[in-house]
Structure formats: C-alpha cells, structure tokens
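Shown here: my_file.cif, mmCIF, C-alpha atoms and all ligand atoms.
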data_data
loop_
_atom_site.label_atom_id
_atom_site.label_comp_id
_atom_site.auth_asym_id
_atom_site.auth_seq_id
_atom_site.Cartn_x
_atom_site.Cartn_y
_atom_site.Cartn_z
CA MET A 571 35.32 107.68 68.98
CA LYS A 572 34.60 110.97 70.75
CA LYS A 573 31.54 112.89 69.55
CA LEU A 574 33.31 116.12 68.48
CA GLU A 575 36.79 114.77 67.65
CA ASN A 576 38.88 117.49 65.90
CA LYS A 577 35.88 119.79 65.44
CA THR A 578 36.47 123.46 66.14
CA VAL A 579 33.96 124.87 68.62
CA PHE A 580 33.63 128.65 69.08
CA ILE A 581 31.87 129.67 72.32
CA THR A 582 30.93 133.22 73.29
CA GLY A 583 30.95 134.00 77.01
CA GLY A 584 32.69 130.70 77.66
CA LEU A 585 34.34 131.55 80.99
CA SER A 586 31.24 131.43 83.20
CA SER A 587 28.57 128.88 84.13
CA ILE A 588 26.67 127.61 81.03
CA GLY A 589 29.30 128.66 78.46
CA ARG A 590 32.13 127.22 80.52
CA ALA A 591 30.29 123.94 81.16
CA CYS A 592 29.71 123.60 77.40
CA ALA A 593 33.38 124.36 76.68
CA ILE A 594 34.53 121.67 79.13
CA ALA A 595 32.01 119.14 77.77
CA ALA A 596 33.05 119.84 74.15
CA ALA A 597 36.76 119.61 75.04
CA LYS A 598 36.07 116.22 76.70
CA GLU A 599 34.50 115.16 73.38
CA GLY A 600 37.76 115.96 71.56
CA ALA A 601 36.93 119.43 70.16
CA ASN A 602 39.35 122.34 69.69
CA ILE A 603 37.92 125.16 71.79
CA VAL A 604 37.85 128.89 71.14
CA ILE A 605 36.53 131.06 73.97
CA ALA A 606 35.43 134.51 72.79
CA GLU A 607 34.97 136.54 75.98
CA ILE A 608 34.92 140.06 77.29
CA LYS A 609 36.16 138.95 80.70
CA SER A 610 39.88 138.55 81.10
CA PHE A 611 39.99 138.47 84.94
CA ASN A 612 41.19 135.06 86.10
CA LYS A 613 41.19 133.83 82.50
CA ASP A 614 44.39 131.78 82.71
CA LYS A 615 43.07 129.75 85.62
CA LEU A 616 39.66 129.27 83.96
CA MET A 617 41.28 128.28 80.66
CA GLU A 618 43.40 125.68 82.51
CA GLY A 619 40.22 123.77 83.42
CA ILE A 620 39.29 123.56 79.73
CA LYS A 621 42.84 122.74 78.57
CA LYS A 622 42.95 119.85 81.04
CA GLU A 623 40.33 118.15 78.83
CA ASN A 624 41.97 119.18 75.52
CA PRO A 625 45.10 121.35 75.29
CA LYS A 626 43.92 122.73 71.96
CA ALA A 627 41.93 125.56 73.55
CA ILE A 628 42.46 129.30 73.12
CA PHE A 629 41.08 132.51 74.59
CA ILE A 630 40.24 135.51 72.38
CA GLU A 631 39.34 138.76 74.07
CA CYS A 632 36.18 139.87 72.27
CA ASP A 633 33.12 141.99 72.97
CA VAL A 634 30.41 140.20 71.00
CA THR A 635 28.39 143.38 70.54
CA LYS A 636 31.23 144.84 68.43
CA TYR A 637 31.07 144.02 64.71
CA ASN A 638 34.82 144.22 64.03
CA GLN A 639 35.83 142.25 67.13
CA VAL A 640 33.59 139.29 66.25
CA GLN A 641 34.78 139.34 62.64
CA ALA A 642 38.41 139.33 63.82
CA ALA A 643 37.75 136.51 66.32
CA ILE A 644 36.23 134.30 63.61
CA GLU A 645 39.15 135.02 61.26
CA LYS A 646 41.66 134.17 63.98
CA THR A 647 39.82 130.91 64.70
CA VAL A 648 39.89 129.84 61.04
CA ASN A 649 43.53 130.88 60.60
CA LEU A 650 44.50 128.76 63.58
CA PHE A 651 42.27 125.69 63.25
CA GLY A 652 41.27 125.75 59.56
CA THR A 653 37.47 125.59 59.95
CA LEU A 654 34.61 126.89 62.06
CA ASP A 655 32.57 123.75 62.69
CA ILE A 656 30.33 124.53 65.66
CA VAL A 657 29.43 127.77 67.42
CA PHE A 658 27.61 128.40 70.66
CA ASN A 659 26.25 131.96 70.84
CA ASN A 660 25.79 132.05 74.57
CA VAL A 661 26.39 135.56 75.95
CA GLY A 662 23.40 137.10 77.67
CA ILE A 663 22.37 139.35 80.52
CA ILE A 664 19.12 139.64 82.44
CA ASP A 665 17.21 142.58 83.82
CA ASN A 666 14.72 142.30 86.64
CA THR A 667 12.56 145.29 85.79
CA ASP A 668 8.96 144.14 86.05
CA LYS A 669 7.10 146.66 83.96
CA ALA A 670 7.85 148.14 80.55
CA SER A 671 6.58 151.50 81.87
CA GLU A 672 9.45 151.45 84.39
CA MET A 673 12.15 150.85 81.82
CA THR A 674 15.06 153.20 81.44
CA GLU A 675 16.32 153.89 77.96
CA LYS A 676 19.84 152.87 79.01
CA LYS A 677 18.76 149.47 80.38
CA TRP A 678 16.44 148.72 77.46
CA SER A 679 19.25 149.37 74.97
CA GLU A 680 21.75 147.35 76.98
CA VAL A 681 19.56 144.23 77.24
CA ILE A 682 18.43 144.29 73.60
CA ASN A 683 21.96 145.01 72.47
CA ILE A 684 23.45 142.04 74.32
CA ASP A 685 20.59 139.52 74.22
CA LEU A 686 19.43 140.11 70.65
CA ASN A 687 21.86 142.22 68.61
CA ARG A 688 24.89 140.19 69.62
CA VAL A 689 23.26 137.02 68.24
CA LEU A 690 22.65 138.77 64.91
CA ASN A 691 26.21 140.12 64.93
CA CYS A 692 27.78 136.73 65.70
CA MET A 693 25.61 134.85 63.22
CA LYS A 694 26.41 137.30 60.44
CA HIS A 695 30.15 136.57 60.68
CA GLU A 696 29.75 132.87 61.46
CA LEU A 697 27.49 132.35 58.45
CA VAL A 698 29.96 134.08 56.11
CA GLN A 699 32.56 131.45 57.05
CA MET A 700 30.15 128.48 57.18
CA THR A 701 28.73 129.38 53.76
CA LYS A 702 32.27 129.25 52.33
CA GLN A 703 32.82 125.83 53.95
CA LYS A 704 29.30 124.63 53.05
CA SER A 705 29.03 123.17 56.54
CA GLY A 706 28.52 124.18 60.14
CA VAL A 707 26.38 123.95 63.24
CA ILE A 708 25.06 126.97 65.11
CA VAL A 709 23.53 126.71 68.58
CA ASN A 710 22.04 129.88 70.05
CA ILE A 711 20.96 130.25 73.61
CA SER A 712 17.43 131.41 74.30
CA SER A 713 15.49 130.77 77.51
CA ILE A 714 12.28 129.14 78.74
CA MET A 715 11.22 132.73 79.37
CA ASP A 716 10.76 132.87 75.59
CA LYS A 717 7.98 130.27 75.90
CA ASP A 718 6.52 130.94 79.33
CA ASN A 719 4.00 133.67 80.12
CA PHE A 720 6.53 135.22 82.46
CA VAL A 721 5.41 138.59 83.79
CA SER A 722 8.86 139.93 84.46
CA SER A 723 11.93 141.13 82.57
CA PRO A 724 10.01 142.28 79.46
CA TYR A 725 13.10 143.28 77.47
CA TYR A 726 14.79 139.96 78.16
CA VAL A 727 11.68 138.03 77.08
CA ALA A 728 11.35 140.17 73.93
CA ALA A 729 15.00 139.52 73.03
CA LYS A 730 14.90 135.78 73.71
CA ARG A 731 11.67 135.31 71.75
CA SER A 732 13.24 137.13 68.80
CA VAL A 733 16.30 134.87 69.00
CA SER A 734 14.09 131.75 68.85
CA ARG A 735 12.19 133.11 65.85
CA PHE A 736 15.44 134.06 64.10
CA ILE A 737 16.66 130.47 64.55
CA GLN A 738 13.62 129.21 62.62
CA THR A 739 13.93 131.62 59.69
CA GLU A 740 17.69 131.18 59.29
CA ALA A 741 17.57 127.38 59.67
CA LEU A 742 15.31 127.31 56.63
CA GLU A 743 17.43 129.84 54.75
CA TYR A 744 20.67 127.85 55.20
CA ALA A 745 19.30 124.29 55.22
CA THR A 746 20.50 123.51 51.69
CA GLN A 747 24.01 124.81 52.42
CA GLY A 748 24.99 122.18 54.97
CA ILE A 749 24.36 124.47 57.94
CA ARG A 750 22.13 123.52 60.89
CA ILE A 751 20.82 126.15 63.31
CA ASN A 752 19.17 125.30 66.63
CA GLY A 753 18.68 126.74 70.07
CA ILE A 754 18.59 125.78 73.72
CA CYS A 755 15.98 127.10 76.14
CA PRO A 756 17.31 126.40 79.62
CA GLY A 757 15.21 126.63 82.72
CA PHE A 758 16.70 128.60 85.60
CA ILE A 759 20.06 127.45 86.79
CA ARG A 760 22.09 128.50 89.81
CA ALA A 761 24.43 130.98 88.14
CA PRO A 762 25.82 134.52 88.55
CA LEU A 763 23.02 135.69 86.23
CA LEU A 764 20.54 134.87 89.02
CA THR A 765 22.77 135.87 91.92
CA ASP A 766 20.49 138.62 93.16
CA ILE A 767 17.62 136.16 93.40
CA PHE A 768 19.69 133.69 95.44
CA ILE A 769 21.62 136.10 97.58
CA ASP A 770 19.15 138.92 98.09
CA GLY A 771 15.96 136.93 97.98
CA LEU A 772 16.05 133.46 99.45
CA ALA A 773 12.24 133.37 99.60
CA LYS A 774 12.11 134.10 95.89
CA ALA A 775 14.69 131.36 95.25
CA LYS A 776 12.50 128.79 97.02
CA GLU A 777 9.54 129.99 94.97
CA LEU A 778 11.56 129.41 91.83
CA ILE A 779 12.76 125.94 92.86
CA ASP A 780 9.19 124.94 93.78
CA LEU A 781 8.17 125.49 90.14
CA TYR A 782 10.27 122.44 89.20
CA PRO A 783 8.70 119.00 89.75
CA ILE A 784 12.02 117.53 90.98
CA LYS A 785 12.50 120.51 93.34
CA ARG A 786 15.91 121.65 92.23
CA LEU A 787 17.33 123.80 89.48
CA ALA A 788 19.39 122.37 86.63
CA THR A 789 23.18 122.52 86.71
CA ALA A 790 25.22 124.11 83.94
CA ALA A 791 26.60 120.64 83.15
CA GLU A 792 23.06 119.40 82.47
CA ILE A 793 22.55 122.24 79.96
CA ALA A 794 25.85 121.21 78.34
CA GLU A 795 24.46 117.71 77.67
CA GLY A 796 21.87 119.35 75.40
CA PHE A 797 24.54 121.43 73.70
CA ILE A 798 26.66 118.34 72.89
CA PHE A 799 23.59 116.62 71.43
CA LEU A 800 22.76 119.58 69.15
CA ALA A 801 26.43 120.08 68.20
CA GLY A 802 27.08 116.45 67.25
CA ASN A 803 26.00 114.12 64.48
CA GLU A 804 23.25 112.50 66.58
CA SER A 805 21.11 115.55 65.78
CA TYR A 806 22.00 115.54 62.07
CA PHE A 807 18.35 115.77 60.96
CA ILE A 808 17.42 118.46 63.49
CA SER A 809 17.44 122.11 62.45
CA GLY A 810 15.27 125.11 63.32
CA THR A 811 14.29 123.84 66.74
CA THR A 812 14.78 125.02 70.32
CA LEU A 813 15.45 122.38 72.94
CA GLU A 814 13.82 122.98 76.34
CA ILE A 815 15.96 121.79 79.24
CA ASP A 816 13.64 122.55 82.10
CA ASP A 817 12.43 119.40 83.92
CA SER A 818 8.96 119.89 82.35
CA TYR A 819 8.60 123.31 84.04
CA LEU A 820 6.75 124.55 80.95
CA GLU A 821 4.15 121.78 81.34
CA GLU A 822 3.31 122.75 84.94
N1 LIG B 1 21.46 131.25 84.26
C1 LIG B 1 20.21 130.93 83.96
O1 LIG B 1 19.41 130.56 84.81
C2 LIG B 1 19.77 131.00 82.52
C3 LIG B 1 18.49 130.49 82.18
C4 LIG B 1 18.07 130.55 80.84
C5 LIG B 1 18.90 131.12 79.89
N2 LIG B 1 20.12 131.59 80.26
C6 LIG B 1 20.95 132.18 79.21
O2 LIG B 1 22.18 131.49 79.17
C7 LIG B 1 23.24 132.36 78.76
C8 LIG B 1 24.41 132.23 79.72
O3 LIG B 1 23.93 132.47 81.01
P1 LIG B 1 24.87 132.29 82.27
O4 LIG B 1 23.98 132.20 83.44
O5 LIG B 1 25.85 131.20 82.00
O6 LIG B 1 25.58 133.73 82.25
P2 LIG B 1 26.90 134.26 83.00
O7 LIG B 1 26.64 135.66 83.36
O8 LIG B 1 27.33 133.30 84.05
O9 LIG B 1 27.98 134.19 81.83
C9 LIG B 1 27.98 135.08 80.77
C10 LIG B 1 29.41 135.23 80.25
O10 LIG B 1 29.36 136.13 79.12
C11 LIG B 1 30.44 137.05 79.22
N3 LIG B 1 30.04 138.29 78.54
C12 LIG B 1 29.13 139.22 78.95
N4 LIG B 1 29.03 140.21 78.04
C13 LIG B 1 29.87 139.89 77.02
C14 LIG B 1 30.20 140.52 75.80
N5 LIG B 1 29.62 141.67 75.42
N6 LIG B 1 31.10 139.91 74.98
C15 LIG B 1 31.70 138.73 75.33
N7 LIG B 1 31.42 138.09 76.50
C16 LIG B 1 30.52 138.67 77.33
C17 LIG B 1 30.65 137.26 80.71
O11 LIG B 1 31.99 137.72 80.96
C18 LIG B 1 30.38 135.86 81.26
O12 LIG B 1 31.57 135.10 81.31
C19 LIG B 1 22.61 133.77 78.69
O13 LIG B 1 22.32 134.09 77.35
C20 LIG B 1 21.33 133.62 79.49
O14 LIG B 1 20.33 134.51 79.05
C21 LIG B 1 20.57 131.54 81.52
#

Starting from the file, lay out its structure as structure tokens.
Amino acid sequence: MKKLENKTVFITGGLSSIGRACAIAAAKEGANIVIAEIKSFNKDKLMEGIKKENPKAIFIECDVTKYNQVQAAIEKTVNLFGTLDIVFNNVGIIDNTDKASEMTEKKWSEVINIDLNRVLNCMKHELVQMTKQKSGVIVNISSIMDKDNFVSSPYYVAAKRSVSRFIQTEALEYATQGIRINGICPGFIRAPLLTDIFIDGLAKAKELIDLYPIKRLATAAEIAEGFIFLAGNESYFISGTTLEIDDSYLEE
C-alpha cells in the first residue's frame, strides 16, 4: 500500500526545487497532485514529470499572495477531487540584505508579503475546507534560519520565525478537529533561491558547505522525504512541530 494512496495534495510553488521534489514524491506515493503556482513558463514539461508518477495531477495558475486566487484554487481542488487532504505551503523568497538599517520599504514588504502573509492567506482558506471535512494535514515550510543566530536576511528570518510560531498556535487551535499542522526547516539546498551564492560567490558557497558535517548540502529530494513523513499516517501523533532537515548543522 502506498503511503498517500488517493489523498489529494495541494502544493504551492510546486514547479521548482523543493516544491517539485515533494510533488513527485507524493505522486509516487499515490496522491492526486494540485500544483498552485505563479509560474507558467515551461509548465507542461514540468507537469509531465509529475504526471509520469501519477496522471491525476493538475496545474492551477495562482499567486498565493492574492486572497481570491487562493480561495478559487482550493475550491477548484475540492470540486475536482472531493477533498483537500494534505497541503504544502512552500512558496518563499529570500533577500540577502545584511542589515535592517539598509532595508528598502519595497523589499521589506515583498519578503514579508511572500514569506509570511502568503502562509496566513493559504492557511485561512485551507482551514475553512479542512474544518468542514474535520480532517487534514498542513505542512508549512520554514527554514533553519528561523532557529539559527543567522546575522543576515533579517526580514526572511523574521518571517520564517513567525511561520514556525504560527504553526504551534494553530496546531493547538485545530487539534480537536482532526487537523494536524507541522513545519519543515530545511538547511540550505542547491536551488535557484541560492543561485547568487553559488554563481556569484563560489567562496561563499564553500563556506556554506563547510558548515555541514558531511560537507555537502541537502538535495530537494531529501527534503521531500521529511514532507512525506509529516504528510502520512506515520506522523499521526505529531502536530505543532517543525522538523529540521539539516545534517545537524544547528548542533555545530
Ligand atoms: N533553497 C533553500 O536552500 C531553502 C532553505 C530553507 C528553506 N527554504 C524554503 O523553501 C521554500 C522553497 O524554496 P525553493 O528553494 O524550492 O524555492 P524556488 O525559488 O526554487 O521555488 C519557489 C517556487 O514558488 C513559485 N512562486 C514564487 N512566488 C509565488 C507566488 N506569489 N505564488 C505562487 N507561486 C510562487 C516560483 O514560481 C517557484 O516555482 C521557500 O519557502 C524557502 O524559503 C529554501
């Protein structure tokens, strides 16, 4: 028996690295997949890779910062598949500004809007549906930068820490309604999000890799293993937690 057989999994930002790896892993486990994404470039080819694992996969064009678009995407999902069983709120952007005093108003708003507000927006609509069903699993992405004393990207850290805290309060709030809410805190992975570090700063990339005891970064597929665990029944008694997938980086 596959771990997510016939479950409907809704993934935001599911056409790139971590989101896409989770979509492929969930499809392999028998889930129906809904990709809610702003990006439509190359989407047919990217969707093919997911459909190869399970043909019951659809793409919905959706900007997760927009209230009405997320509401419509959830409604479309339920109309098509009947239920909203598992969601992965994954969209995020980073900003490399080092000091809060150097922030621009535009950048501050953009990072908080995508990294924090979009989680609140998605969870609002997801919880409306899951409350009706009296069941559901929510996995939000945070980051080890929530837990580390990282002196960089202050808006990103502020947003991710808020997401982790929100997971705890809402897990408690919805625990008696059959809804589990958890998070994943990945370490750095080689992904477009970190492209400037790898392409423009090879020295900085080595510095980053050296922080990991096994001297390499995680792959998106390794983050997806954690997602499948939190999405499936093996983690039935786990709610309100954030899973660090970081090769003990935080213990260094
Ligand atoms: N890459 C890392 O090293 C790393 C480490 C820790 C945490 N994270 C977190 O993991 C998540 C995914 O990171 P990634 O590296 O896979 O990112 P990515 O940039 O590769 O993918 C993000 C996807 O989200 C989509 N997207 C962006 N804005 C959107 C919007 N408004 N509405 C809908 N879709 C939108 C993009 O089109 C893209 O496909 C982020 O929240 C990030 O903060 C990443």

I'd like the box whose edges run along x, y and z of the file and which contains every listed atom of ligand LIG 1 (chain B), padded by 3 Å per side; could you state its centre and edge lengths in Å, one decimal, as lines of an AutoDock Vina configuration file?
center_x = 25.0
center_y = 136.1
center_z = 79.9
size_x = 19.9
size_y = 17.2
size_z = 15.8

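Among all protein and nucleic acid residues, the ones that lie within 6 Å of ligand LIG 1 (chain B) when counting all atoms listed in the file are Thr582, Gly583, Gly584, Leu585, Ser586, Ser587, Ile588, Gly589, Glu607, Ile608, Lys609, Cys632, Asp633, Val634, Thr635, Asn660, Val661, Gly662, Ile663, Ile711, Ser712, Ser713, Pro756, Gly757, Phe758, Ile759, Ala761, Pro762 and Leu763 of chain A.
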
| task | Compile the contact shell of Leu650 in chain A as a count of residues only: residues with an atom at most 12 Å away, counting all atoms listed in the file, same-chain residues fewer than 2 positions apart removed. | result | 17

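For the choices A:Ile793, A:Ala597, A:Cys592, A:Ala729, the atom-to-atom distance to Pro625 in chain A is smallest for A:Ala597 when using all atoms listed in the file.
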
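Pairwise distance (CA of Asn624 in chain A, CA of Val709 in chain A) equals 21.1 Å.
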
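Considering the residues A:Asn752, A:Asn638, A:Ser679, A:Thr674 and counting all atoms listed in the file, Ser805 in chain A has its shortest atom-to-atom contact with A:Asn752.
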
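Across A:Lys776, A:Arg786, A:Lys717, A:Lys622, the tightest approach to Lys598 in chain A is made by A:Lys622 when counting all atoms listed in the file.
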
| task | Select, counting only C-alpha atoms, all protein, DNA and RNA residues no farther than 7 Å from (26.1, 123.5, 54.8) in file coordinates, and express the selection as an NGL selection string. | result | :A and (700-701 or 704-706 or 744-749)

| task | Determine, counting all atoms listed in the file, which protein, DNA and RNA residues have an atom within 10 Å of an atom of Gly802 in chain A; residues of the same chain fewer than 4 positions away are not included. Present the result as a ChimeraX atom specification. | result | /A:572-575,577,596,599,656,707,797-798,806

| query | How many Å lie between CA of Ile708 in chain A and CA of Val657 in chain A, rounded to one decimal? | reply | 5.0 Å

| What does the distance from CA of Lys669 in chain A to CA of Lys785 in chain A come to in Å, to one decimal? | 28.3 Å

| field | Selected residue of minimal separation from Phe580 in chain A among A:Val733, A:Ala794, A:Ile594, A:Ala606, counting all atoms listed in the file | value | A:Ala606

| said: List the spatial neighbours of Leu742 in chain A as a list in words - criterion: any atom at most 12 Å away, only C-alpha atoms, same-chain residues fewer than 6 positions off excluded. | reply: Arg735, Phe736, Gly748, Ile749, Arg750, Ile751, Asn752, Ile808, Ser809, Gly810 and Thr811 of chain A

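Restricting the calculation to only C-alpha atoms, the smallest distance between Ile684 in chain A and any of A:Thr667, A:Asn659, A:Gln703, A:Thr789 is found for A:Asn659.
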
| note | Using all atoms listed in the file, the residue out of A:Met715, A:Ala790, A:Ala591, A:Ile737 with shortest distance to Val689 in chain A is A:Ile737

| task | Tell me which protein, DNA and RNA residues are within 12 Å of Lys677 in chain A, counting all atoms listed in the file, leaving out same-chain ones fewer than 2 positions away, and put them as a list in words. | result | Ile663, Ile664, Asp665, Asn666, Thr667, Ala670, Glu672, Met673, Thr674, Glu675, Ser679, Glu680, Val681, Ile682, Asn683, Ile684, Asp685, Ser723, Pro724, Tyr725 and Tyr726 of chain A
